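*Asks:* My structure is below; once you've seen it, I'll send some questions.
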Amino acid sequence: MKLKNLPWVPFAFFAIAIVLYPLTYYLVDMHNKGLFSSKPAALIDNTVWHTVFYIHITFGGIAILTGWTQFSKRLRNKYLNIHRMIGKIYVVAVLFSSCAGLYIAFFATGGIICVMGFGALALLWLFTIVKAYTSIRRLDIAEHQKWMIRNYALTFAAVTLRVYMPILIPFVFHGDFIPAYRLISWLCWVPNIIAAEIIISKLKLKPVYAAGPV
């Protein structure tokens, strides 16, 4: 599989850059800033929502940071044990962040359109990581690679969301946050998963099974 031909360097750059985002919520008082500025005070002060939100951004940051390394053919071939260890960290991170993301999606700013957009993202993110994990447990490497491509495309929605927001909100919607956010709740991940399917079709992966335990 010639994944080395894909532009993983930009993926790594954006992944590392976006990891800085959740850190701001730990290092800076964000009560009236960022995402919190669009939320009612009662929700921000809700202990359950607040805790789940931090679970989502923390484990989501770990998933973004670790996920791109799984596509390094050199790491996989030369340091298989490290590849497996990082893979397990990634799976756990996605499981926690997707479940937390599904919960906070029900409180998304922008109403039912955003609830459905972010909710669908969380469900697909969870579904694809389960498929990626179960396929590698069956030692089906080709299927595992397909599901990992799909899953990381959804993980990367955290990046594309933050690319679209400073473009669409001021320049397309002229500062009107709500309609822009409704569009972004779908735009941040639907093109990603379409791109993933195109990549998978071009790779033409054939069934390959691992010779030993993973």
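Ordered as shown in the structure tokens, chains take letters A, B, and onward, while each chain numbers its residues from 1 and ligands are numbered from 1 in the order shown.
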Could you pull the residues within 12 Å of region 83-95 of chain A, counting only C-alpha atoms, minus those fewer than 3 positions along the same chain, as a ChimeraX atom specification?
*Replies:* /A:55-80,98-102,122-134,136-137,144-145,147-148,151-152,154-156,213-214
*Asks:* Please return, as number ranges by chain, all residues of region 22-156 of chain A that DSSP assigns to helix (DSSP H, G or I) on the basis of the backbone.
*Replies:* A: 22-27, 34-38, 41-44, 47-71, 73-78, 80-105, 112-137, 141-155
*Asks:* Restricting it to C-alpha atoms, dump the selection as an mmCIF file, in the first residue's frame.
*Replies:*
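File produced: again-v3.cif:
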data_model
loop_
_atom_site.group_PDB
_atom_site.id
_atom_site.type_symbol
_atom_site.label_atom_id
_atom_site.label_comp_id
_atom_site.auth_asym_id
_atom_site.auth_seq_id
_atom_site.Cartn_x
_atom_site.Cartn_y
_atom_site.Cartn_z
ATOM 1 C CA PRO A 22 -7.552 22.017 23.842
ATOM 2 C CA LEU A 23 -4.565 23.239 25.835
ATOM 3 C CA THR A 24 -6.007 26.756 25.819
ATOM 4 C CA TYR A 25 -8.986 25.524 27.825
ATOM 5 C CA TYR A 26 -6.590 24.331 30.527
ATOM 6 C CA LEU A 27 -4.197 27.276 30.486
ATOM 7 C CA GLY A 34 -14.148 30.471 22.125
ATOM 8 C CA LEU A 35 -16.896 27.864 22.048
ATOM 9 C CA PHE A 36 -18.010 28.837 25.553
ATOM 10 C CA SER A 37 -19.053 32.284 24.329
ATOM 11 C CA SER A 38 -21.890 30.693 22.317
ATOM 12 C CA ALA A 41 -24.114 30.130 31.388
ATOM 13 C CA ALA A 42 -26.314 27.376 32.852
ATOM 14 C CA LEU A 43 -24.824 24.836 30.437
ATOM 15 C CA ILE A 44 -21.233 25.902 31.060
ATOM 16 C CA THR A 47 -20.821 19.747 35.944
ATOM 17 C CA VAL A 48 -21.720 16.824 33.689
ATOM 18 C CA TRP A 49 -21.552 18.816 30.445
ATOM 19 C CA HIS A 50 -18.375 20.567 31.558
ATOM 20 C CA THR A 51 -16.664 17.267 32.421
ATOM 21 C CA VAL A 52 -17.753 15.546 29.205
ATOM 22 C CA PHE A 53 -16.628 18.549 27.153
ATOM 23 C CA TYR A 54 -13.122 18.299 28.590
ATOM 24 C CA ILE A 55 -13.083 14.538 27.974
ATOM 25 C CA HIS A 56 -14.009 15.220 24.358
ATOM 26 C CA ILE A 57 -11.353 17.845 23.639
ATOM 27 C CA THR A 58 -8.601 16.072 25.623
ATOM 28 C CA PHE A 59 -8.968 12.645 24.052
ATOM 29 C CA GLY A 60 -9.796 14.235 20.704
ATOM 30 C CA GLY A 61 -6.468 16.052 20.852
ATOM 31 C CA ILE A 62 -4.685 12.778 21.593
ATOM 32 C CA ALA A 63 -6.449 11.119 18.653
ATOM 33 C CA ILE A 64 -5.464 13.892 16.239
ATOM 34 C CA LEU A 65 -1.861 13.852 17.426
ATOM 35 C CA THR A 66 -1.371 10.073 17.333
ATOM 36 C CA GLY A 67 -3.581 9.092 14.409
ATOM 37 C CA TRP A 68 -1.498 10.363 11.516
ATOM 38 C CA THR A 69 1.518 8.322 12.647
ATOM 39 C CA GLN A 70 -0.439 5.122 11.951
ATOM 40 C CA PHE A 71 -0.135 5.771 8.231
ATOM 41 C CA LYS A 73 4.805 2.733 6.398
ATOM 42 C CA ARG A 74 8.319 3.148 7.787
ATOM 43 C CA LEU A 75 7.104 3.193 11.389
ATOM 44 C CA ARG A 76 4.819 0.241 10.790
ATOM 45 C CA ASN A 77 7.510 -1.900 9.156
ATOM 46 C CA LYS A 78 10.507 -0.896 11.261
ATOM 47 C CA LEU A 80 5.855 -2.615 14.630
ATOM 48 C CA ASN A 81 5.502 -2.719 18.419
ATOM 49 C CA ILE A 82 5.469 1.093 18.596
ATOM 50 C CA HIS A 83 2.905 1.173 15.788
ATOM 51 C CA ARG A 84 0.690 -1.215 17.763
ATOM 52 C CA MET A 85 1.112 0.714 21.005
ATOM 53 C CA ILE A 86 0.221 4.038 19.380
ATOM 54 C CA GLY A 87 -2.675 2.328 17.633
ATOM 55 C CA LYS A 88 -4.113 1.169 20.951
ATOM 56 C CA ILE A 89 -3.760 4.678 22.390
ATOM 57 C CA TYR A 90 -5.532 6.053 19.327
ATOM 58 C CA VAL A 91 -8.409 3.576 19.600
ATOM 59 C CA VAL A 92 -8.976 4.399 23.277
ATOM 60 C CA ALA A 93 -8.768 8.129 22.573
ATOM 61 C CA VAL A 94 -11.347 7.933 19.781
ATOM 62 C CA LEU A 95 -13.681 5.775 21.869
ATOM 63 C CA PHE A 96 -13.686 8.295 24.716
ATOM 64 C CA SER A 97 -13.827 11.393 22.521
ATOM 65 C CA SER A 98 -16.551 10.098 20.187
ATOM 66 C CA CYS A 99 -18.822 9.038 23.045
ATOM 67 C CA ALA A 100 -18.279 12.389 24.751
ATOM 68 C CA GLY A 101 -18.813 14.147 21.431
ATOM 69 C CA LEU A 102 -22.146 12.394 20.961
ATOM 70 C CA TYR A 103 -23.301 13.651 24.349
ATOM 71 C CA ILE A 104 -22.283 17.271 23.817
ATOM 72 C CA ALA A 105 -23.747 17.196 20.279
ATOM 73 C CA ILE A 112 -31.313 20.633 15.361
ATOM 74 C CA ILE A 113 -29.173 21.037 12.230
ATOM 75 C CA CYS A 114 -25.990 21.201 14.310
ATOM 76 C CA VAL A 115 -27.228 18.495 16.666
ATOM 77 C CA MET A 116 -27.726 16.159 13.709
ATOM 78 C CA GLY A 117 -24.480 17.189 12.011
ATOM 79 C CA PHE A 118 -22.218 16.752 15.018
ATOM 80 C CA GLY A 119 -24.249 13.792 16.265
ATOM 81 C CA ALA A 120 -23.816 11.953 12.953
ATOM 82 C CA LEU A 121 -20.101 12.745 13.039
ATOM 83 C CA ALA A 122 -19.746 11.297 16.546
ATOM 84 C CA LEU A 123 -21.681 8.127 15.647
ATOM 85 C CA LEU A 124 -19.676 7.515 12.471
ATOM 86 C CA TRP A 125 -16.437 8.242 14.307
ATOM 87 C CA LEU A 126 -17.346 5.618 16.903
ATOM 88 C CA PHE A 127 -18.575 3.118 14.310
ATOM 89 C CA THR A 128 -15.484 3.351 12.114
ATOM 90 C CA ILE A 129 -13.037 2.914 15.001
ATOM 91 C CA VAL A 130 -14.922 -0.172 16.176
ATOM 92 C CA LYS A 131 -14.731 -1.569 12.631
ATOM 93 C CA ALA A 132 -11.025 -0.722 12.393
ATOM 94 C CA TYR A 133 -10.353 -2.454 15.703
ATOM 95 C CA THR A 134 -12.440 -5.561 15.041
ATOM 96 C CA SER A 135 -10.909 -6.010 11.579
ATOM 97 C CA ILE A 136 -7.356 -5.974 12.926
ATOM 98 C CA ARG A 137 -8.377 -8.369 15.694
ATOM 99 C CA ILE A 141 -5.012 -5.845 7.502
ATOM 100 C CA ALA A 142 -6.614 -4.545 4.300
ATOM 101 C CA GLU A 143 -9.991 -3.937 5.945
ATOM 102 C CA HIS A 144 -8.248 -2.422 8.951
ATOM 103 C CA GLN A 145 -6.430 0.051 6.713
ATOM 104 C CA LYS A 146 -9.671 1.050 4.965
ATOM 105 C CA TRP A 147 -11.493 1.688 8.218
ATOM 106 C CA MET A 148 -8.543 3.572 9.664
ATOM 107 C CA ILE A 149 -8.484 5.893 6.648
ATOM 108 C CA ARG A 150 -12.204 6.546 7.105
ATOM 109 C CA ASN A 151 -11.813 7.038 10.828
ATOM 110 C CA TYR A 152 -8.917 9.460 10.633
ATOM 111 C CA ALA A 153 -10.790 11.435 7.977
ATOM 112 C CA LEU A 154 -13.472 11.919 10.647
ATOM 113 C CA THR A 155 -10.873 12.661 13.310
#
*Asks:* Residues near Ile167 (chain A), anyone? I mean within 12 Å using only C-alpha atoms, not counting same-chain ones fewer than 5 positions away, as a list of chain:residue names.
*Replies:* A:Thr160, A:Leu161, A:Arg162, A:Val172, A:Phe173, A:His174, A:Gly175, A:Phe177, A:Ala180, A:Tyr181, A:Ile184
*Asks:* Using only C-alpha atoms, pick whichever of A:Pro179, A:Pro191, A:Gly110, A:Pro170 has the shortest atom-to-atom distance to Ala157 (chain A).
*Replies:*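 Looking only at the distances to Ala157 (chain A), the closest residue turns out to be A:Pro191.
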*Asks:* By how many Å are CA of Val159 (chain A) and CA of Leu205 (chain A) apart?
*Replies:* 26.7 Å
